[in-house]
>>> print(open('my_file_39.pdb').read())   # PDB, C-alpha atoms
ATOM      1  CA  MET Q   2     -40.022  19.135  57.383
ATOM      2  CA  GLY Q   3     -37.852  16.137  57.227
ATOM      3  CA  SER Q   4     -39.221  12.758  57.967
ATOM      4  CA  THR Q   5     -37.765  10.201  60.292
ATOM      5  CA  THR Q   6     -37.756   6.573  59.322
ATOM      6  CA  MET Q   7     -38.106   4.126  62.134
ATOM      7  CA  SER Q   8     -35.962   1.043  61.723
ATOM      8  CA  PRO Q   9     -37.599  -2.233  62.693
ATOM      9  CA  PRO Q  10     -36.259  -3.723  65.904
ATOM     10  CA  SER Q  11     -33.494  -6.215  65.416
ATOM     11  CA  PHE Q  12     -34.059  -9.913  65.963
ATOM     12  CA  PRO Q  13     -32.562 -10.096  69.492
ATOM     13  CA  VAL Q  14     -34.759  -7.225  70.715
ATOM     14  CA  VAL Q  15     -37.913  -8.881  69.421
ATOM     15  CA  LEU Q  16     -36.861 -12.173  70.956
ATOM     16  CA  LEU Q  17     -36.226 -10.557  74.309
ATOM     17  CA  LEU Q  18     -39.655  -8.927  74.283
ATOM     18  CA  LEU Q  19     -41.257 -12.269  73.545
ATOM     19  CA  LEU Q  20     -39.305 -13.940  76.326
ATOM     20  CA  LEU Q  21     -40.268 -11.235  78.808
ATOM     21  CA  ALA Q  22     -43.912 -11.581  77.869
ATOM     22  CA  THR Q  23     -43.653 -15.337  78.272
ATOM     23  CA  ILE Q  24     -42.085 -15.036  81.702
ATOM     24  CA  ALA Q  25     -44.730 -12.539  82.759
ATOM     25  CA  ALA Q  26     -47.417 -14.948  81.686
ATOM     26  CA  ALA Q  27     -45.609 -17.797  83.378
ATOM     27  CA  ALA Q  28     -45.626 -15.952  86.657
ATOM     28  CA  GLY Q  29     -49.407 -16.240  86.773
ATOM     29  CA  SER Q  30     -49.564 -19.803  85.538
ATOM     30  CA  ASN Q  31     -48.357 -23.249  86.505
ATOM     31  CA  MET Q  32     -45.519 -23.347  83.948
ATOM     32  CA  ASP Q  33     -42.673 -25.643  84.938
ATOM     33  CA  GLU Q  34     -39.952 -23.840  86.852
ATOM     34  CA  GLU Q  35     -37.259 -25.374  84.614
ATOM     35  CA  VAL Q  36     -38.850 -23.744  81.557
ATOM     36  CA  VAL Q  37     -38.884 -20.393  83.328
ATOM     37  CA  ASP Q  38     -35.241 -20.855  84.275
ATOM     38  CA  ASP Q  39     -34.357 -21.630  80.652
ATOM     39  CA  LEU Q  40     -36.090 -18.475  79.460
ATOM     40  CA  GLN Q  41     -34.332 -16.422  82.095
ATOM     41  CA  TYR Q  42     -30.996 -17.906  80.976
ATOM     42  CA  LEU Q  43     -31.632 -16.792  77.399
ATOM     43  CA  ILE Q  44     -32.364 -13.265  78.569
ATOM     44  CA  ASP Q  45     -29.229 -13.112  80.700
ATOM     45  CA  ASN Q  46     -27.108 -14.280  77.744
ATOM     46  CA  SER Q  47     -28.847 -12.270  75.053
ATOM     47  CA  ASP Q  48     -25.565 -10.789  73.842
ATOM     48  CA  ASP Q  49     -24.602 -14.194  72.468
ATOM     49  CA  ILE Q  50     -27.736 -14.495  70.327
ATOM     50  CA  PRO Q  51     -26.962 -14.216  66.569
ATOM     51  CA  THR Q  52     -28.215 -11.058  64.914
ATOM     52  CA  ASN Q  53     -29.502 -10.427  61.410
ATOM     53  CA  ASP Q  54     -28.021  -6.938  61.525
ATOM     54  CA  PRO Q  55     -24.750  -6.883  59.507
ATOM     55  CA  ASP Q  56     -23.332  -4.359  61.967
ATOM     56  CA  GLY Q  57     -23.518  -7.042  64.594
ATOM     57  CA  TRP Q  58     -21.640  -9.648  62.625
ATOM     58  CA  PRO Q  59     -18.108 -10.490  63.827
ATOM     59  CA  GLU Q  60     -15.292  -9.027  61.834
ATOM     60  CA  GLY Q  61     -12.524 -11.133  60.389
ATOM     61  CA  ASP Q  62     -10.504 -11.961  57.319
ATOM     62  CA  TYR Q  63     -11.899 -14.788  55.226
ATOM     63  CA  ASP Q  64      -9.903 -16.509  52.537
ATOM     64  CA  ASP Q  65     -11.476 -18.217  49.572
ATOM     65  CA  ASP Q  66     -10.700 -21.537  51.236
ATOM     66  CA  ASP Q  67     -12.981 -20.533  54.093
ATOM     67  CA  LEU Q  68     -15.851 -19.749  51.759
ATOM     68  CA  LEU Q  69     -15.608 -22.768  49.462
ATOM     69  CA  PHE Q  70     -16.128 -26.329  50.548
ATOM     70  CA  GLN Q  71     -14.219 -28.466  48.102
ATOM     71  CA  ASP Q  72     -12.079 -31.534  47.794
ATOM     72  CA  GLN Q  73      -8.476 -30.453  47.555
ATOM     73  CA  ASP Q  74      -7.848 -33.126  44.945
ATOM     74  CA  GLN Q  75     -10.643 -31.863  42.711
ATOM     75  CA  ASP Q  76      -9.817 -29.312  40.023
ATOM     76  CA  LEU Q  77     -12.807 -26.981  39.857
ATOM     77  CA  THR Q  78     -11.298 -24.922  37.038
ATOM     78  CA  GLY Q  79     -11.997 -27.626  34.451
ATOM     79  CA  HIS Q  80      -8.373 -27.516  33.289
ATOM     80  CA  GLN Q  81      -6.769 -30.758  32.211
ATOM     81  CA  PRO Q  82      -3.496 -31.682  33.939
ATOM     82  CA  GLU Q  83      -0.440 -30.798  31.897
ATOM     83  CA  ILE Q  84       0.931 -33.595  29.726
ATOM     84  CA  ASP Q  85       4.570 -33.840  28.698
ATOM     85  CA  GLU Q  86       4.357 -34.275  24.934
ATOM     86  CA  THR Q  87       8.025 -33.603  24.302
ATOM     87  CA  HIS Q  88       8.371 -36.767  22.239
ATOM     88  CA  VAL Q  89       5.149 -36.358  20.241
ATOM     89  CA  VAL Q  90       5.873 -34.655  16.921
ATOM     90  CA  VAL Q  91       3.294 -32.112  15.765
ATOM     91  CA  LEU Q  92       2.625 -32.518  12.063
ATOM     92  CA  ALA Q  93       0.815 -30.292   9.590
ATOM     93  CA  ALA Q  94       0.538 -30.079   5.831
ATOM     94  CA  ALA Q  95       3.820 -28.174   5.653
ATOM     95  CA  ASN Q  96       5.961 -30.897   7.248
ATOM     96  CA  PHE Q  97       3.886 -34.068   6.966
ATOM     97  CA  SER Q  98       5.403 -35.603   3.827
ATOM     98  CA  SER Q  99       8.978 -34.601   4.623
ATOM     99  CA  PHE Q 100       8.801 -36.041   8.123
ATOM    100  CA  LEU Q 101       7.360 -39.348   6.935
ATOM    101  CA  ALA Q 102      10.184 -39.527   4.416
ATOM    102  CA  SER Q 103      12.756 -39.014   7.174
ATOM    103  CA  SER Q 104      11.515 -41.799   9.458
ATOM    104  CA  HIS Q 105      10.880 -45.421   8.548
ATOM    105  CA  HIS Q 106       8.086 -45.936  11.080
ATOM    106  CA  VAL Q 107       5.689 -43.186  12.154
ATOM    107  CA  MET Q 108       2.511 -43.546  14.177
ATOM    108  CA  VAL Q 109       0.175 -40.613  13.559
ATOM    109  CA  GLU Q 110      -2.865 -39.702  15.621
ATOM    110  CA  PHE Q 111      -5.487 -37.597  13.853
ATOM    111  CA  TYR Q 112      -7.373 -35.829  16.631
ATOM    112  CA  ALA Q 113      -9.801 -33.016  17.398
ATOM    113  CA  PRO Q 114      -9.212 -30.698  20.385
ATOM    114  CA  TRP Q 115     -12.827 -31.087  21.553
ATOM    115  CA  CYS Q 116     -12.797 -34.899  21.317
ATOM    116  CA  GLY Q 117     -13.143 -36.531  24.749
ATOM    117  CA  HIS Q 118     -11.619 -39.827  23.584
ATOM    118  CA  CYS Q 119      -8.613 -37.908  22.233
ATOM    119  CA  GLN Q 120      -8.159 -36.172  25.580
ATOM    120  CA  GLU Q 121      -8.269 -39.533  27.365
ATOM    121  CA  LEU Q 122      -5.700 -40.955  24.953
ATOM    122  CA  ALA Q 123      -3.285 -38.004  25.236
ATOM    123  CA  PRO Q 124      -1.389 -39.027  28.413
ATOM    124  CA  ASP Q 125      -0.984 -42.646  27.278
ATOM    125  CA  TYR Q 126       0.057 -41.588  23.787
ATOM    126  CA  ALA Q 127       2.652 -39.189  25.202
ATOM    127  CA  ALA Q 128       3.924 -41.842  27.624
ATOM    128  CA  ALA Q 129       4.250 -44.366  24.797
ATOM    129  CA  ALA Q 130       6.156 -41.810  22.722
ATOM    130  CA  ALA Q 131       8.558 -41.125  25.591
ATOM    131  CA  HIS Q 132       9.121 -44.835  26.220
ATOM    132  CA  LEU Q 133       9.802 -45.638  22.573
ATOM    133  CA  ALA Q 134      12.009 -42.565  22.100
ATOM    134  CA  ALA Q 135      14.306 -43.948  24.788
ATOM    135  CA  HIS Q 136      14.855 -47.090  22.721
ATOM    136  CA  HIS Q 137      14.649 -45.910  19.110
ATOM    137  CA  HIS Q 138      16.132 -43.060  17.112
ATOM    138  CA  GLN Q 139      13.597 -40.755  15.498
ATOM    139  CA  ALA Q 140      14.858 -41.733  12.051
ATOM    140  CA  HIS Q 141      13.688 -45.258  12.830
ATOM    141  CA  LEU Q 142      10.508 -44.596  14.809
ATOM    142  CA  ALA Q 143       8.414 -41.619  15.883
ATOM    143  CA  LEU Q 144       4.967 -40.873  17.271
ATOM    144  CA  ALA Q 145       3.185 -37.819  15.921
ATOM    145  CA  LYS Q 146      -0.191 -36.113  15.905
ATOM    146  CA  VAL Q 147      -2.254 -34.003  13.520
ATOM    147  CA  ASP Q 148      -5.056 -31.617  14.443
ATOM    148  CA  ALA Q 149      -7.621 -32.797  11.910
ATOM    149  CA  THR Q 150      -9.849 -29.771  12.503
ATOM    150  CA  GLU Q 151      -7.033 -27.556  11.220
ATOM    151  CA  GLU Q 152      -5.452 -29.908   8.672
ATOM    152  CA  THR Q 153      -8.645 -30.856   6.871
ATOM    153  CA  ASP Q 154      -6.870 -31.738   3.628
ATOM    154  CA  LEU Q 155      -4.702 -34.313   5.392
ATOM    155  CA  ALA Q 156      -7.719 -35.714   7.202
ATOM    156  CA  GLN Q 157      -9.571 -36.070   3.917
ATOM    157  CA  LYS Q 158      -6.569 -37.610   2.172
ATOM    158  CA  TYR Q 159      -6.325 -40.371   4.769
ATOM    159  CA  ASP Q 160     -10.080 -40.830   5.067
ATOM    160  CA  VAL Q 161     -10.377 -39.778   8.697
ATOM    161  CA  GLN Q 162     -13.983 -40.496   9.694
ATOM    162  CA  GLY Q 163     -13.774 -40.233  13.483
ATOM    163  CA  PHE Q 164     -11.507 -39.282  16.335
ATOM    164  CA  PRO Q 165      -9.030 -40.372  17.245
ATOM    165  CA  THR Q 166      -7.885 -42.095  14.058
ATOM    166  CA  ILE Q 167      -4.456 -43.690  14.428
ATOM    167  CA  LEU Q 168      -2.374 -44.758  11.451
ATOM    168  CA  PHE Q 169       1.003 -46.455  11.436
ATOM    169  CA  PHE Q 170       3.176 -45.532   8.465
ATOM    170  CA  ILE Q 171       5.906 -47.893   7.334
ATOM    171  CA  ASP Q 172       8.085 -46.141   4.771
ATOM    172  CA  GLY Q 173       5.166 -43.840   4.000
ATOM    173  CA  VAL Q 174       2.548 -46.580   3.634
ATOM    174  CA  PRO Q 175      -0.290 -46.289   6.196
ATOM    175  CA  ARG Q 176      -1.876 -49.071   8.157
ATOM    176  CA  GLY Q 177      -4.707 -48.612  10.656
ATOM    177  CA  TYR Q 178      -4.227 -49.148  14.373
ATOM    178  CA  ASN Q 179      -7.264 -50.579  16.145
ATOM    179  CA  GLY Q 180      -5.630 -51.732  19.354
ATOM    180  CA  ALA Q 181      -6.280 -50.557  22.887
ATOM    181  CA  ARG Q 182      -5.596 -46.906  23.644
ATOM    182  CA  THR Q 183      -3.124 -47.442  26.448
ATOM    183  CA  LYS Q 184       0.609 -46.905  26.690
ATOM    184  CA  GLU Q 185       1.283 -50.613  27.113
ATOM    185  CA  ALA Q 186      -0.886 -51.672  24.173
ATOM    186  CA  ILE Q 187       0.639 -49.084  21.835
ATOM    187  CA  VAL Q 188       4.203 -49.981  22.830
ATOM    188  CA  ASP Q 189       3.594 -53.729  22.488
ATOM    189  CA  TRP Q 190       1.883 -53.339  19.119
ATOM    190  CA  ILE Q 191       4.684 -51.216  17.692
ATOM    191  CA  ASN Q 192       7.410 -53.472  19.062
ATOM    192  CA  LYS Q 193       5.808 -56.405  17.287
ATOM    193  CA  LYS Q 194       5.843 -54.445  14.041
ATOM    194  CA  LEU Q 195       9.496 -53.646  14.616
ATOM    195  CA  GLY Q 196      10.411 -57.271  15.267
ATOM    196  CA  PRO Q 197      13.468 -58.817  13.646
ATOM    197  CA  ALA Q 198      13.392 -58.466   9.879
ATOM    198  CA  VAL Q 199      14.789 -61.969   9.446
ATOM    199  CA  GLN Q 200      13.859 -64.810  11.771
ATOM    200  CA  ASN Q 201      15.714 -68.075  11.719
ATOM    201  CA  VAL Q 202      13.342 -71.044  11.586
ATOM    202  CA  THR Q 203      14.950 -74.146  12.995
ATOM    203  CA  SER Q 204      11.995 -76.490  13.408
ATOM    204  CA  VAL Q 205       8.886 -77.658  11.609
ATOM    205  CA  ASP Q 206       6.701 -76.303  14.409
ATOM    206  CA  GLU Q 207       8.115 -72.781  13.987
ATOM    207  CA  ALA Q 208       7.539 -72.916  10.250
ATOM    208  CA  GLN Q 209       3.978 -74.165  10.745
ATOM    209  CA  SER Q 210       3.281 -71.332  13.204
ATOM    210  CA  ILE Q 211       4.454 -68.728  10.702
ATOM    211  CA  LEU Q 212       2.499 -70.227   7.823
ATOM    212  CA  THR Q 213      -0.741 -70.325   9.807
ATOM    213  CA  GLY Q 214      -0.318 -66.821  11.267
ATOM    214  CA  ASP Q 215      -2.133 -63.684  10.128
ATOM    215  CA  ASP Q 216       1.008 -61.766   9.164
ATOM    216  CA  LYS Q 217       2.438 -62.096   5.698
ATOM    217  CA  ALA Q 218       5.837 -63.739   5.527
ATOM    218  CA  VAL Q 219       8.397 -64.789   2.971
ATOM    219  CA  LEU Q 220      10.188 -68.076   3.593
ATOM    220  CA  ALA Q 221      13.618 -68.812   2.190
ATOM    221  CA  PHE Q 222      15.121 -72.299   2.278
ATOM    222  CA  LEU Q 223      18.901 -71.903   2.529
ATOM    223  CA  ASP Q 224      21.706 -74.430   2.718
ATOM    224  CA  THR Q 225      23.750 -72.101   4.927
ATOM    225  CA  LEU Q 226      23.331 -68.834   6.849
ATOM    226  CA  SER Q 227      26.869 -67.691   6.185
ATOM    227  CA  VAL Q 228      27.723 -65.404   3.307
TER     228      VAL Q 228
END
>>> encode(input="my_file_39.pdb", output="structure tokens")
Amino acid sequence: MGSTTMSPPSFPVVLLLLLLATIAAAAGSNMDEEVVDDLQYLIDNSDDIPTNDPDGWPEGDYDDDDLLFQDQDQDLTGHQPEIDETHVVVLAAANFSSFLASSHHVMVEFYAPWCGHCQELAPDYAAAAAHLAAHHHQAHLALAKVDATEETDLAQKYDVQGFPTILFFIDGVPRGYNGARTKEAIVDWINKKLGPAVQNVTSVDEAQSILTGDDKAVLAFLDTLSV
């Protein structure tokens, strides 16, 4: 013989039974009439009571936006916003030496893809490259980058100890960059390095300023500036 399984009464049914029992008890007691009225109201509107039976749940189409509470400005995928690196040259062992030979001034960032500081620098570095590219031909100035985790020989050759390491090559000779990692700081620093090759000194104060400065300089005392 087959067996029949009795399903437990749903939540609204149990609640109604409890309310009925309460009202029955209230009839023989001094319970406040307002309480009795409230209980009677619940019974009369029992169809509106939520149910724990899935069959009783309202049907409808729910989008992901209805199920997730999130700030629209927050990227929950963990993806970094895209950066326009059109003007940042990607260098590797195969083209490193030839590119440095083709450009008088090259700033090179040695980075690691997993490096948080490198990721923070990326948009400013790209913005600096775009700004400088608008004012200088690539044969005169370029900004580039090297993935040091892939180009380990280059990283070892230039003694890369941490990330990012930024070097500024002038005619192939490297010099470290320790300035701020912002677009403005990079642009200002490079522009100073690209200053006029020959500066006319017309006063003692200007000469004194050059002689007491940190940069190396060669002074020439000339009778005339004409050739």
>>> axis_aligned_box(input="my_file_39.pdb", around="segment 101-119 of chain Q", padding_each_side="8 Å", output="lines of an AutoDock Vina configuration file")
center_x = -0.2
center_y = -38.3
center_z = 14.6
size_x = 41.9
size_y = 31.2
size_z = 36.3
>>> residues_near_point(input="my_file_39.pdb", point="(-1.3, -32.9, 8.2)", cutoff="12 Å", atoms="all atoms listed in the file", output="MDAnalysis selection string")
chainID Q and resid 90:101 109:112 145:159 161
>>> closest_residue(input="my_file_39.pdb", among="Q:Ala130, Q:Ile84, Q:Leu220, Q:Ile187", to="Asn201 of chain Q", atoms="all atoms listed in the file")
Q:Leu220
>>> closest_residue(input="my_file_39.pdb", among="Q:Thr213, Q:Leu223, Q:Ala123, Q:Phe169", to="Lys184 of chain Q", atoms="only C-alpha atoms")
Q:Ala123
>>> atom_distance(input="my_file_39.pdb", atom1="atom CA of Asp189 of chain Q", atom2="atom CA of Gly163 of chain Q")
23.8 Å
>>> resolve_selection(input="my_file_39.pdb", expression="the PyMOL selection byres ((chain Q and resi 124) around 10)", output="PyMOL selection string")
chain Q and resi 82-86+119-123+125-130+183-184
>>> resolve_selection(input="my_file_39.pdb", expression="the PyMOL selection byres ((chain Q and resi 140) around 12)", output="CSV table (one decimal) with C-alpha atoms, in the coordinates of the input")
chain,number,residue,atom,x,y,z
Q,99,SER,CA,9.0,-34.6,4.6
Q,100,PHE,CA,8.8,-36.0,8.1
Q,101,LEU,CA,7.4,-39.3,6.9
Q,102,ALA,CA,10.2,-39.5,4.4
Q,103,SER,CA,12.8,-39.0,7.2
Q,104,SER,CA,11.5,-41.8,9.5
Q,105,HIS,CA,10.9,-45.4,8.5
Q,106,HIS,CA,8.1,-45.9,11.1
Q,107,VAL,CA,5.7,-43.2,12.2
Q,134,ALA,CA,12.0,-42.6,22.1
Q,136,HIS,CA,14.9,-47.1,22.7
Q,137,HIS,CA,14.6,-45.9,19.1
Q,138,HIS,CA,16.1,-43.1,17.1
Q,139,GLN,CA,13.6,-40.8,15.5
Q,141,HIS,CA,13.7,-45.3,12.8
Q,142,LEU,CA,10.5,-44.6,14.8
Q,143,ALA,CA,8.4,-41.6,15.9
Q,144,LEU,CA,5.0,-40.9,17.3
Q,171,ILE,CA,5.9,-47.9,7.3
Q,172,ASP,CA,8.1,-46.1,4.8
